[in-house]
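Colleague: Just one file: structure07.cif, with mmCIF, C-alpha atoms.
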```cif
data_entry
#
loop_
_atom_site.group_PDB
_atom_site.id
_atom_site.type_symbol
_atom_site.label_atom_id
_atom_site.label_comp_id
_atom_site.auth_asym_id
_atom_site.auth_seq_id
_atom_site.Cartn_x
_atom_site.Cartn_y
_atom_site.Cartn_z
ATOM 1 C CA MET A 1 142.358 108.286 133.780
ATOM 2 C CA ARG A 2 138.835 106.993 133.685
ATOM 3 C CA ARG A 3 137.954 109.236 130.736
ATOM 4 C CA ILE A 4 141.096 108.138 128.928
ATOM 5 C CA LEU A 5 140.267 104.469 129.561
ATOM 6 C CA ILE A 6 136.734 104.908 128.213
ATOM 7 C CA SER A 7 138.104 106.661 125.154
ATOM 8 C CA MET A 8 140.511 103.799 124.522
ATOM 9 C CA ILE A 9 137.768 101.175 124.889
ATOM 10 C CA MET A 10 135.355 102.918 122.552
ATOM 11 C CA LEU A 11 136.453 102.460 118.915
ATOM 12 C CA LEU A 12 134.841 104.504 116.252
ATOM 13 C CA ALA A 13 135.547 103.423 112.692
ATOM 14 C CA VAL A 14 134.180 105.119 109.640
ATOM 15 C CA ILE A 15 133.927 102.870 106.629
ATOM 16 C CA SER A 16 132.807 103.917 103.170
ATOM 17 C CA THR A 17 131.190 101.102 101.146
ATOM 18 C CA ASN A 18 129.553 101.596 97.725
ATOM 19 C CA GLY A 19 129.006 105.260 98.412
ATOM 20 C CA GLN A 20 127.403 104.619 101.826
ATOM 21 C CA THR A 21 128.988 105.675 105.116
ATOM 22 C CA LYS A 22 128.812 103.182 107.963
ATOM 23 C CA ILE A 23 129.828 104.020 111.530
ATOM 24 C CA ILE A 24 130.705 100.898 113.479
ATOM 25 C CA THR A 25 130.909 101.220 117.250
ATOM 26 C CA ARG A 26 132.482 98.465 119.292
ATOM 27 C CA GLN A 27 131.583 98.701 122.984
ATOM 28 C CA SER A 28 134.544 96.683 124.236
ATOM 29 C CA SER A 29 137.310 94.427 122.991
ATOM 30 C CA SER A 30 135.432 91.350 124.248
ATOM 31 C CA SER A 31 132.090 92.248 122.601
ATOM 32 C CA LYS A 32 131.077 90.043 119.626
ATOM 33 C CA THR A 33 128.209 92.309 118.582
ATOM 34 C CA ALA A 34 128.608 95.551 116.682
ATOM 35 C CA LYS A 35 125.917 98.158 116.335
ATOM 36 C CA VAL A 36 125.787 99.476 112.794
ATOM 37 C CA ALA A 37 124.343 102.859 111.915
ATOM 38 C CA GLN A 38 124.082 103.819 108.241
ATOM 39 C CA ASN A 39 124.223 107.386 107.021
ATOM 40 C CA THR A 40 122.778 106.787 103.546
ATOM 41 C CA PRO A 41 122.696 109.562 100.942
ATOM 42 C CA LYS A 42 119.281 110.362 99.391
ATOM 43 C CA SER A 43 120.335 108.859 96.089
ATOM 44 C CA SER A 44 121.164 105.579 97.855
ATOM 45 C CA ASN A 45 117.759 105.625 99.541
ATOM 46 C CA LYS A 46 116.195 105.783 96.115
ATOM 47 C CA GLN A 47 118.293 102.845 94.948
ATOM 48 C CA THR A 48 117.355 100.830 98.006
ATOM 49 C CA LYS A 49 113.673 101.509 97.379
ATOM 50 C CA THR A 50 114.049 100.494 93.744
ATOM 51 C CA LYS A 51 115.705 97.232 94.723
ATOM 52 C CA SER A 52 112.930 96.553 97.208
ATOM 53 C CA GLN A 53 110.304 97.267 94.599
ATOM 54 C CA GLY A 54 112.128 94.996 92.157
ATOM 55 C CA LYS A 55 112.088 92.218 94.713
ATOM 56 C CA GLN A 56 108.364 92.676 95.282
ATOM 57 C CA SER A 57 107.796 92.723 91.536
ATOM 58 C CA THR A 58 109.736 89.472 91.189
ATOM 59 C CA GLN A 59 107.639 87.877 93.881
ATOM 60 C CA ARG A 60 104.452 88.964 92.159
ATOM 61 C CA SER A 61 105.630 87.594 88.810
ATOM 62 C CA GLN A 62 106.514 84.309 90.462
ATOM 63 C CA SER A 63 102.880 83.837 91.379
ATOM 64 C CA HIS A 64 102.259 83.427 87.630
ATOM 65 C CA LYS A 65 105.092 80.981 87.041
ATOM 66 C CA GLY A 66 102.947 77.886 86.898
ATOM 67 C CA HIS A 67 104.486 74.490 87.609
ATOM 68 C CA GLN A 68 107.504 74.746 89.919
ATOM 69 C CA THR A 69 108.752 71.915 92.078
ATOM 70 C CA SER A 70 110.017 74.408 94.650
ATOM 71 C CA GLN A 71 106.649 76.149 94.885
ATOM 72 C CA PRO A 72 103.904 73.508 94.500
ATOM 73 C CA ARG A 73 101.082 75.945 95.161
ATOM 74 C CA GLN A 74 102.004 77.826 92.017
ATOM 75 C CA SER A 75 101.939 74.651 89.923
ATOM 76 C CA LEU A 76 98.297 74.226 90.924
ATOM 77 C CA SER A 77 97.454 77.591 89.386
ATOM 78 C CA LEU A 78 97.933 75.971 85.968
ATOM 79 C CA CYS A 79 97.050 72.334 86.690
ATOM 80 C CA PRO A 80 95.017 70.597 89.411
ATOM 81 C CA ASP A 81 97.879 68.132 90.022
ATOM 82 C CA ASN A 82 101.046 66.735 88.438
ATOM 83 C CA SER A 83 99.275 63.970 86.487
ATOM 84 C CA HIS A 84 99.640 65.570 83.068
ATOM 85 C CA PRO A 85 98.109 66.150 80.605
ATOM 86 C CA HIS A 86 95.073 68.094 81.769
ATOM 87 C CA ALA A 87 92.331 69.554 79.610
ATOM 88 C CA ILE A 88 92.163 73.221 80.639
ATOM 89 C CA ASP A 89 88.703 74.730 80.177
ATOM 90 C CA LEU A 90 89.157 78.386 79.245
ATOM 91 C CA GLU A 91 85.414 78.744 78.591
ATOM 92 C CA LEU A 92 86.008 79.460 74.929
ATOM 93 C CA PRO A 93 82.927 79.916 72.689
ATOM 94 C CA SER A 94 83.548 76.657 70.794
ATOM 95 C CA GLY A 95 83.944 74.631 74.008
ATOM 96 C CA THR A 96 87.520 73.725 73.048
ATOM 97 C CA LYS A 97 89.756 72.719 75.953
ATOM 98 C CA TRP A 98 93.515 73.126 75.658
ATOM 99 C CA ALA A 99 96.099 70.667 76.948
ATOM 100 C CA CYS A 100 98.359 71.933 79.728
ATOM 101 C CA CYS A 101 101.531 70.666 77.980
ATOM 102 C CA ASN A 102 103.002 69.608 74.650
ATOM 103 C CA VAL A 103 103.053 66.095 73.250
ATOM 104 C CA GLY A 104 106.076 64.357 74.785
ATOM 105 C CA ALA A 105 106.320 66.776 77.737
ATOM 106 C CA ASN A 106 105.539 65.978 81.382
ATOM 107 C CA LYS A 107 105.020 69.547 82.586
ATOM 108 C CA PRO A 108 103.677 72.814 81.134
ATOM 109 C CA GLU A 109 107.117 74.334 80.566
ATOM 110 C CA GLY A 110 108.556 71.179 78.935
ATOM 111 C CA TYR A 111 109.450 71.474 75.240
ATOM 112 C CA GLY A 112 108.199 68.000 74.407
ATOM 113 C CA GLU A 113 108.829 66.346 71.050
ATOM 114 C CA TYR A 114 109.035 67.744 67.527
ATOM 115 C CA TYR A 115 107.061 66.431 64.572
ATOM 116 C CA ALA A 116 106.795 67.192 60.881
ATOM 117 C CA TRP A 117 103.239 67.939 59.767
ATOM 118 C CA GLY A 118 101.308 64.693 59.338
ATOM 119 C CA GLU A 119 104.071 62.510 60.820
ATOM 120 C CA THR A 120 103.694 60.666 64.115
ATOM 121 C CA GLU A 121 107.326 59.785 64.899
ATOM 122 C CA THR A 122 110.318 61.950 65.775
ATOM 123 C CA LYS A 123 113.612 61.870 63.867
ATOM 124 C CA SER A 124 117.090 63.368 63.965
ATOM 125 C CA SER A 125 116.787 65.584 60.870
ATOM 126 C CA TYR A 126 113.883 67.409 59.293
ATOM 127 C CA ASP A 127 113.912 68.421 55.625
ATOM 128 C CA TRP A 128 112.185 67.525 52.372
ATOM 129 C CA THR A 129 114.424 64.501 51.819
ATOM 130 C CA THR A 130 113.338 62.971 55.146
ATOM 131 C CA TYR A 131 109.695 64.044 54.983
ATOM 132 C CA LYS A 132 107.436 61.025 54.769
ATOM 133 C CA TYR A 133 104.727 62.564 52.616
ATOM 134 C CA CYS A 134 106.674 63.752 49.593
ATOM 135 C CA ASN A 135 109.159 62.338 47.117
ATOM 136 C CA GLY A 136 112.154 64.392 48.163
ATOM 137 C CA THR A 137 110.979 67.892 47.177
ATOM 138 C CA TYR A 138 108.187 70.298 48.082
ATOM 139 C CA LYS A 139 106.799 69.918 44.559
ATOM 140 C CA THR A 140 105.888 66.302 45.234
ATOM 141 C CA CYS A 141 104.023 66.749 48.552
ATOM 142 C CA HIS A 142 101.058 64.456 49.067
ATOM 143 C CA ASP A 143 97.718 66.086 49.711
ATOM 144 C CA LEU A 144 96.669 64.830 53.174
ATOM 145 C CA GLY A 145 93.425 66.798 53.193
ATOM 146 C CA SER A 146 92.462 70.290 54.290
ATOM 147 C CA ASP A 147 92.508 69.340 57.999
ATOM 148 C CA ILE A 148 94.197 66.272 59.528
ATOM 149 C CA ALA A 149 92.697 66.560 63.039
ATOM 150 C CA GLY A 150 91.534 63.177 64.327
ATOM 151 C CA THR A 151 93.051 61.243 61.423
ATOM 152 C CA GLN A 152 95.970 58.823 61.182
ATOM 153 C CA TYR A 153 98.155 61.844 60.414
ATOM 154 C CA ASP A 154 97.286 63.585 63.674
ATOM 155 C CA VAL A 155 100.108 62.891 66.141
ATOM 156 C CA ALA A 156 98.131 64.248 69.114
ATOM 157 C CA HIS A 157 95.295 61.806 68.430
ATOM 158 C CA VAL A 158 97.656 58.916 67.713
ATOM 159 C CA LYS A 159 99.813 59.456 70.828
ATOM 160 C CA TRP A 160 97.177 60.513 73.374
ATOM 161 C CA GLY A 161 94.001 58.920 72.009
ATOM 162 C CA GLY A 162 90.503 59.776 73.171
ATOM 163 C CA SER A 163 89.243 63.153 72.025
ATOM 164 C CA TRP A 164 92.717 64.699 71.894
ATOM 165 C CA ARG A 165 93.734 66.147 68.543
ATOM 166 C CA MET A 166 95.841 68.814 66.905
ATOM 167 C CA PRO A 167 94.294 72.300 67.014
ATOM 168 C CA SER A 168 92.877 73.779 63.852
ATOM 169 C CA ARG A 169 93.685 77.247 62.584
ATOM 170 C CA ASP A 170 90.305 78.482 63.821
ATOM 171 C CA GLN A 171 90.824 77.041 67.302
ATOM 172 C CA ILE A 172 94.182 78.794 67.622
ATOM 173 C CA LYS A 173 92.651 82.077 66.457
ATOM 174 C CA GLU A 174 89.919 81.642 69.056
ATOM 175 C CA LEU A 175 92.534 81.128 71.771
ATOM 176 C CA VAL A 176 94.326 84.333 70.787
ATOM 177 C CA GLU A 177 91.131 86.392 70.551
ATOM 178 C CA HIS A 178 89.602 85.285 73.866
ATOM 179 C CA CYS A 179 92.711 85.342 76.049
ATOM 180 C CA ASN A 180 95.166 87.906 77.310
ATOM 181 C CA TYR A 181 98.716 87.307 76.078
ATOM 182 C CA THR A 182 101.808 87.638 78.266
ATOM 183 C CA TRP A 183 105.442 86.733 77.534
ATOM 184 C CA ILE A 184 106.955 85.348 80.740
ATOM 185 C CA THR A 185 109.579 82.979 82.116
ATOM 186 C CA ILE A 186 108.644 79.856 84.097
ATOM 187 C CA SER A 187 111.403 77.890 85.839
ATOM 188 C CA GLY A 188 113.954 79.448 83.490
ATOM 189 C CA VAL A 189 111.851 78.658 80.384
ATOM 190 C CA LYS A 190 110.619 81.547 78.251
ATOM 191 C CA GLY A 191 107.251 81.386 76.607
ATOM 192 C CA CYS A 192 103.772 82.863 76.362
ATOM 193 C CA MET A 193 100.892 82.640 78.790
ATOM 194 C CA PHE A 194 97.312 82.768 77.571
ATOM 195 C CA THR A 195 94.903 83.845 80.306
ATOM 196 C CA SER A 196 91.202 83.388 79.605
ATOM 197 C CA LYS A 197 89.177 86.592 79.561
ATOM 198 C CA ASN A 198 86.191 84.506 80.679
ATOM 199 C CA ASN A 199 87.389 82.595 83.761
ATOM 200 C CA GLY A 200 91.044 83.516 84.350
ATOM 201 C CA LYS A 201 92.413 80.016 83.723
ATOM 202 C CA ARG A 202 95.722 79.808 81.915
ATOM 203 C CA VAL A 203 97.828 77.755 79.524
ATOM 204 C CA PHE A 204 101.565 78.224 78.988
ATOM 205 C CA PHE A 205 103.333 77.627 75.674
ATOM 206 C CA PRO A 206 107.121 77.258 76.019
ATOM 207 C CA ALA A 207 109.291 78.916 73.393
ATOM 208 C CA ALA A 208 110.571 75.588 72.128
ATOM 209 C CA GLY A 209 111.638 76.833 68.698
ATOM 210 C CA PHE A 210 111.680 74.286 65.876
ATOM 211 C CA ARG A 211 113.861 71.620 64.319
ATOM 212 C CA ASP A 212 115.249 71.153 60.844
ATOM 213 C CA LYS A 213 118.903 70.124 60.784
ATOM 214 C CA LYS A 214 119.134 71.249 64.415
ATOM 215 C CA LEU A 215 117.138 73.001 67.110
ATOM 216 C CA ASP A 216 116.619 76.671 66.202
ATOM 217 C CA TYR A 217 115.200 79.685 68.072
ATOM 218 C CA ALA A 218 114.551 77.890 71.363
ATOM 219 C CA GLY A 219 113.821 80.539 73.980
ATOM 220 C CA GLU A 220 112.786 83.045 71.293
ATOM 221 C CA PHE A 221 109.857 81.614 69.329
ATOM 222 C CA ALA A 222 107.006 79.346 70.366
ATOM 223 C CA ASN A 223 106.232 77.657 67.054
ATOM 224 C CA TYR A 224 103.432 75.099 66.777
ATOM 225 C CA HIS A 225 101.760 73.026 64.100
ATOM 226 C CA SER A 226 98.063 73.430 63.464
ATOM 227 C CA SER A 227 96.034 70.678 61.835
ATOM 228 C CA THR A 228 95.099 72.926 58.886
ATOM 229 C CA GLN A 229 96.804 72.636 55.528
ATOM 230 C CA ASN A 230 97.322 75.746 53.429
ATOM 231 C CA PRO A 231 94.603 75.471 50.743
ATOM 232 C CA ASP A 232 96.676 77.315 48.169
ATOM 233 C CA ILE A 233 100.027 75.556 48.649
ATOM 234 C CA ILE A 234 99.726 71.969 49.855
ATOM 235 C CA SER A 235 103.415 71.816 50.836
ATOM 236 C CA HIS A 236 102.603 74.337 53.577
ATOM 237 C CA ALA A 237 100.430 74.345 56.683
ATOM 238 C CA TYR A 238 99.196 77.042 59.053
ATOM 239 C CA GLN A 239 101.773 77.446 61.796
ATOM 240 C CA PRO A 240 101.337 80.111 64.468
ATOM 241 C CA THR A 241 104.367 81.655 66.123
ATOM 242 C CA PHE A 242 104.157 83.198 69.580
ATOM 243 C CA ARG A 243 106.875 85.724 70.403
ATOM 244 C CA SER A 244 107.693 88.391 72.970
ATOM 245 C CA ASP A 245 105.980 91.012 70.786
ATOM 246 C CA GLY A 246 102.822 88.937 70.350
ATOM 247 C CA PRO A 247 101.367 86.135 68.222
ATOM 248 C CA SER A 248 101.731 85.952 64.440
ATOM 249 C CA TRP A 249 100.840 83.588 61.604
ATOM 250 C CA TYR A 250 103.061 81.848 59.102
ATOM 251 C CA THR A 251 100.715 80.520 56.463
ATOM 252 C CA ASN A 252 103.687 79.395 54.398
ATOM 253 C CA GLY A 253 105.208 77.092 56.996
ATOM 254 C CA ASP A 254 106.940 74.141 55.380
ATOM 255 C CA ARG A 255 105.273 70.888 56.366
ATOM 256 C CA TYR A 256 108.598 69.095 56.821
ATOM 257 C CA THR A 257 109.656 71.332 59.757
ATOM 258 C CA GLY A 258 109.711 69.746 63.202
ATOM 259 C CA TYR A 259 107.424 71.713 65.530
ATOM 260 C CA PRO A 260 105.987 70.951 68.968
ATOM 261 C CA ILE A 261 102.330 69.947 69.191
ATOM 262 C CA ARG A 262 99.825 71.359 71.701
ATOM 263 C CA PRO A 263 96.667 69.197 71.649
ATOM 264 C CA VAL A 264 93.071 70.264 72.176
ATOM 265 C CA SER A 265 89.971 68.375 73.276
ATOM 266 C CA ARG A 266 86.192 68.834 73.472
#
```
Output the file's structure in the form of structure tokens.

Modeller:
Amino acid sequence: MRRILISMIMLLAVISTNGQTKIITRQSSSSKTAKVAQNTPKSSNKQTKTKSQGKQSTQRSQSHKGHQTSQPRQSLSLCPDNSHPHAIDLELPSGTKWACCNVGANKPEGYGEYYAWGETETKSSYDWTTYKYCNGTYKTCHDLGSDIAGTQYDVAHVKWGGSWRMPSRDQIKELVEHCNYTWITISGVKGCMFTSKNNGKRVFFPAAGFRDKKLDYAGEFANYHSSTQNPDIISHAYQPTFRSDGPSWYTNGDRYTGYPIRPVSR
């Protein structure tokens, strides 16, 4: 009788879940705790290891995610505090310091505002008919000079003052040449991270796209205005584009297009 009673109390249940076999043993009907033993196939062990590695990889990538309200220590890896903008010294040969965020943004991953080349105010639509420095067509563009940095046409200088200005073509090339380039996601925002080869400091450029009639390519392209006008076609300016496959140049960028602005300082 005793053996029969023990056999009735002990309940062995075999459950198959997602290809894994679990044996659940309940010691008595009043017990609230179940001991679980897993008999996992070798292929499942490999999957479990992969998931674990993926989790570790995610944690490592998060250490590069810059400003995050949920992880304040990581925000300090890009900026000393939350009082933006900061001038980030990447120890570039020219001594140029890059702003931590775009004009109109209050954090590194913020898109900020969009401006046509040479204009200092935002608007709802960007095309040749709304562009301030032409008479309705690209053929009538005004020549604002070879480089508008530090002038009345420089929105970074007008909005932020001091030594802040739009970056020139040469300053952007210097950034690309003296930094490592990585396409990452910060707080759900895709963009590119430039990490200085000299001191390891970093600046993040969100993939804010651009504006004409509407916002285009947000999350895909990080387009920015430089301060340098195309010397051959005055209706165009040098406009770098940062993408997942690396940086590229659009020397024929229409000046009317609304792009974000990332200031520099000395």

Colleague: What separation in Å, quoted to one decimal, exists between CA of Gly161 (chain A) and CA of Lys107 (chain A)?

Modeller: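 Spanning CA of Gly161 (chain A) to CA of Lys107 (chain A) is a straight-line distance of 18.6 Å.
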
Colleague: Apply the PyMOL selection byres ((chain A and resi 226) around 10) to the structure shown and report the selected residues as a ChimeraX atom specification.

Modeller: /A:117,147-149,154,165-172,223-225,227-229,237-240,259-263

Colleague: Record the distance separating CA of His236 (chain A) and CA of Thr251 (chain A), expressed in Å with one decimal.

Modeller: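 Here the two named atoms are 7.1 Å from each other.
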
Colleague: For the provided coordinates, the residues matched by the PyMOL selection byres ((chain A and resi 88-93) around 7) should be stated as a PyMOL selection string.

Modeller: chain A and resi 86-87+94-100+178+196+198-199+201

Colleague: By how many Å are CA of Ser187 (chain A) and CA of Ala105 (chain A) apart?

Modeller: 14.7 Å

Colleague: Residues picked by the PyMOL selection byres ((chain A and resi 208) around 6) here, as a list in words?

Modeller: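 Selected by the PyMOL selection byres ((chain A and resi 208) around 6) here: Tyr111, Pro206, Ala207, Gly209, Ala218 and Ala222 of chain A.
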
Colleague: Write the selection just made, keeping C-alpha atoms, as a PDB file, in the frame of the given file?

Modeller:
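File produced: selection-v4.pdb:
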```
ATOM      1  CA  TYR A 111     109.450  71.474  75.240  1.00  0.00           C
ATOM      2  CA  PRO A 206     107.121  77.258  76.019  1.00  0.00           C
ATOM      3  CA  ALA A 207     109.291  78.916  73.393  1.00  0.00           C
ATOM      4  CA  GLY A 209     111.638  76.833  68.698  1.00  0.00           C
ATOM      5  CA  ALA A 218     114.551  77.890  71.363  1.00  0.00           C
ATOM      6  CA  ALA A 222     107.006  79.346  70.366  1.00  0.00           C
TER       7      ALA A 222
END
```

Colleague: Taking into account all atoms listed in the file, which residue in the set A:Cys141, A:Lys197, A:Cys79, A:Tyr131 is nearest to Glu174 (chain A)?

Modeller: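 Closest residue, counting all atoms listed in the file: A:Lys197.
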
Colleague: Using all atoms listed in the file, which of A:Glu177, A:Phe204, A:Asp254, A:Gly150 sits nearest Ser163 (chain A)?

Modeller: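 Among the listed residues, A:Gly150 lies closest to Ser163 (chain A).
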
Colleague: Please determine, counting all atoms listed in the file, which residue among A:Pro231, A:Gly145, A:Ser248, A:Ser265 has the shortest atom-to-atom distance to His157 (chain A).

Modeller: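 Counting all atoms listed in the file, the residue closest to His157 (chain A) is A:Ser265.
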
Colleague: Which one of A:Thr151, A:Asn102, A:Thr120, A:Asn252 sits closest to Val203 (chain A) if you count all atoms listed in the file?

Modeller: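 Residue with the minimum atom-to-atom distance to Val203 (chain A): A:Asn102.
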
Colleague: Rank A:Thr185, A:Tyr153, A:Asp232, A:Asp212 by their smallest atom-to-atom distance to Trp128 (chain A), using only C-alpha atoms, and report the top residue only.

Modeller: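 Selected residue with least distance to Trp128 (chain A): A:Asp212.
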
Colleague: So, counting all atoms listed in the file, which residue among A:Leu144, A:Cys192, A:Ala156, A:Cys179 is closest to Asn230 (chain A)?

Modeller: A:Leu144

Colleague: Taking 2 positions as the minimum chain separation for residues in the same chain, which residues sit within 10 Å of Tyr138 (chain A) when counting all atoms listed in the file? Answer as a PDB file with C-alpha atoms, in the frame of the given file.

Modeller:
```pdb
ATOM      1  CA  ASP A 127     113.912  68.421  55.625  1.00  0.00           C
ATOM      2  CA  TRP A 128     112.185  67.525  52.372  1.00  0.00           C
ATOM      3  CA  THR A 129     114.424  64.501  51.819  1.00  0.00           C
ATOM      4  CA  TYR A 131     109.695  64.044  54.983  1.00  0.00           C
ATOM      5  CA  TYR A 133     104.727  62.564  52.616  1.00  0.00           C
ATOM      6  CA  CYS A 134     106.674  63.752  49.593  1.00  0.00           C
ATOM      7  CA  ASN A 135     109.159  62.338  47.117  1.00  0.00           C
ATOM      8  CA  GLY A 136     112.154  64.392  48.163  1.00  0.00           C
ATOM      9  CA  THR A 140     105.888  66.302  45.234  1.00  0.00           C
ATOM     10  CA  CYS A 141     104.023  66.749  48.552  1.00  0.00           C
ATOM     11  CA  HIS A 142     101.058  64.456  49.067  1.00  0.00           C
ATOM     12  CA  ILE A 233     100.027  75.556  48.649  1.00  0.00           C
ATOM     13  CA  ILE A 234      99.726  71.969  49.855  1.00  0.00           C
ATOM     14  CA  SER A 235     103.415  71.816  50.836  1.00  0.00           C
ATOM     15  CA  HIS A 236     102.603  74.337  53.577  1.00  0.00           C
ATOM     16  CA  ASP A 254     106.940  74.141  55.380  1.00  0.00           C
ATOM     17  CA  ARG A 255     105.273  70.888  56.366  1.00  0.00           C
ATOM     18  CA  TYR A 256     108.598  69.095  56.821  1.00  0.00           C
TER      19      TYR A 256
END
```

Colleague: Within 12 Å of Asp245 (chain A), counting all atoms listed in the file, which residues qualify if same-chain residues fewer than 6 places away don't, as a short mmCIF file (atom, residue, chain, number, x, y, z; two decimals) with C-alpha atoms, in the coordinates of the input?

Modeller:
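Printed below is around-v7.cif as written:
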```cif
data_model
loop_
_atom_site.label_atom_id
_atom_site.label_comp_id
_atom_site.auth_asym_id
_atom_site.auth_seq_id
_atom_site.Cartn_x
_atom_site.Cartn_y
_atom_site.Cartn_z
CA TYR A 181 98.72 87.31 76.08
CA THR A 182 101.81 87.64 78.27
CA TRP A 183 105.44 86.73 77.53
CA ILE A 184 106.96 85.35 80.74
CA GLY A 191 107.25 81.39 76.61
CA CYS A 192 103.77 82.86 76.36
CA GLU A 220 112.79 83.04 71.29
CA PHE A 221 109.86 81.61 69.33
CA ALA A 222 107.01 79.35 70.37
#
```

Colleague: Let me have the centre and edge lengths of the axis-aligned box enclosing all listed atoms of region 177-185 of chain A with 6 Å padding on every side, in Å to one decimal, as JSON.

Modeller:
```
{"center_x": 99.6, "center_y": 85.4, "center_z": 76.3, "size_x": 32.0, "size_y": 16.9, "size_z": 23.6}
```

Colleague: Keeping N, CA and C atoms (and nothing else), can you write region 247-262 of chain A of this structure as a PDB file, in the first residue's frame?

Modeller:
```pdb
ATOM      1  N   PRO A 247      30.046  57.024 -46.176  1.00  0.00           N
ATOM      2  CA  PRO A 247      29.786  58.403 -46.591  1.00  0.00           C
ATOM      3  C   PRO A 247      29.955  58.595 -48.096  1.00  0.00           C
ATOM      4  N   SER A 248      29.247  59.560 -48.649  1.00  0.00           N
ATOM      5  CA  SER A 248      29.385  59.893 -50.068  1.00  0.00           C
ATOM      6  C   SER A 248      29.135  61.385 -50.249  1.00  0.00           C
ATOM      7  N   TRP A 249      29.492  61.894 -51.421  1.00  0.00           N
ATOM      8  CA  TRP A 249      29.328  63.317 -51.710  1.00  0.00           C
ATOM      9  C   TRP A 249      28.327  63.529 -52.829  1.00  0.00           C
ATOM     10  N   TYR A 250      27.492  64.553 -52.648  1.00  0.00           N
ATOM     11  CA  TYR A 250      26.620  65.003 -53.721  1.00  0.00           C
ATOM     12  C   TYR A 250      26.995  66.448 -54.029  1.00  0.00           C
ATOM     13  N   THR A 251      27.849  66.613 -55.005  1.00  0.00           N
ATOM     14  CA  THR A 251      28.301  67.968 -55.339  1.00  0.00           C
ATOM     15  C   THR A 251      27.218  68.750 -56.072  1.00  0.00           C
ATOM     16  N   ASN A 252      26.196  68.049 -56.532  1.00  0.00           N
ATOM     17  CA  ASN A 252      25.127  68.701 -57.276  1.00  0.00           C
ATOM     18  C   ASN A 252      23.866  68.863 -56.445  1.00  0.00           C
ATOM     19  N   GLY A 253      24.017  68.986 -55.132  1.00  0.00           N
ATOM     20  CA  GLY A 253      22.850  69.143 -54.279  1.00  0.00           C
ATOM     21  C   GLY A 253      22.168  70.488 -54.489  1.00  0.00           C
ATOM     22  N   ASP A 254      20.882  70.446 -54.753  1.00  0.00           N
ATOM     23  CA  ASP A 254      20.140  71.692 -54.968  1.00  0.00           C
ATOM     24  C   ASP A 254      20.111  72.528 -53.696  1.00  0.00           C
ATOM     25  N   ARG A 255      20.392  73.787 -53.815  1.00  0.00           N
ATOM     26  CA  ARG A 255      20.464  74.671 -52.653  1.00  0.00           C
ATOM     27  C   ARG A 255      19.114  74.842 -51.964  1.00  0.00           C
ATOM     28  N   TYR A 256      18.026  74.663 -52.675  1.00  0.00           N
ATOM     29  CA  TYR A 256      16.709  74.881 -52.078  1.00  0.00           C
ATOM     30  C   TYR A 256      16.321  73.799 -51.077  1.00  0.00           C
ATOM     31  N   THR A 257      16.972  72.611 -51.139  1.00  0.00           N
ATOM     32  CA  THR A 257      16.562  71.469 -50.322  1.00  0.00           C
ATOM     33  C   THR A 257      16.767  71.741 -48.836  1.00  0.00           C
ATOM     34  N   GLY A 258      15.813  71.313 -48.029  1.00  0.00           N
ATOM     35  CA  GLY A 258      15.912  71.477 -46.585  1.00  0.00           C
ATOM     36  C   GLY A 258      16.705  70.347 -45.953  1.00  0.00           C
ATOM     37  N   TYR A 259      17.905  70.673 -45.458  1.00  0.00           N
ATOM     38  CA  TYR A 259      18.767  69.687 -44.807  1.00  0.00           C
ATOM     39  C   TYR A 259      19.031  70.109 -43.367  1.00  0.00           C
ATOM     40  N   PRO A 260      19.360  69.160 -42.505  1.00  0.00           N
ATOM     41  CA  PRO A 260      19.809  69.508 -41.153  1.00  0.00           C
ATOM     42  C   PRO A 260      21.178  70.195 -41.214  1.00  0.00           C
ATOM     43  N   ILE A 261      21.540  70.845 -40.135  1.00  0.00           N
ATOM     44  CA  ILE A 261      22.822  71.544 -40.055  1.00  0.00           C
ATOM     45  C   ILE A 261      23.573  71.041 -38.834  1.00  0.00           C
ATOM     46  N   ARG A 262      24.825  70.623 -39.017  1.00  0.00           N
ATOM     47  CA  ARG A 262      25.670  70.233 -37.879  1.00  0.00           C
ATOM     48  C   ARG A 262      26.833  71.248 -37.796  1.00  0.00           C
TER      49      ARG A 262
END
```
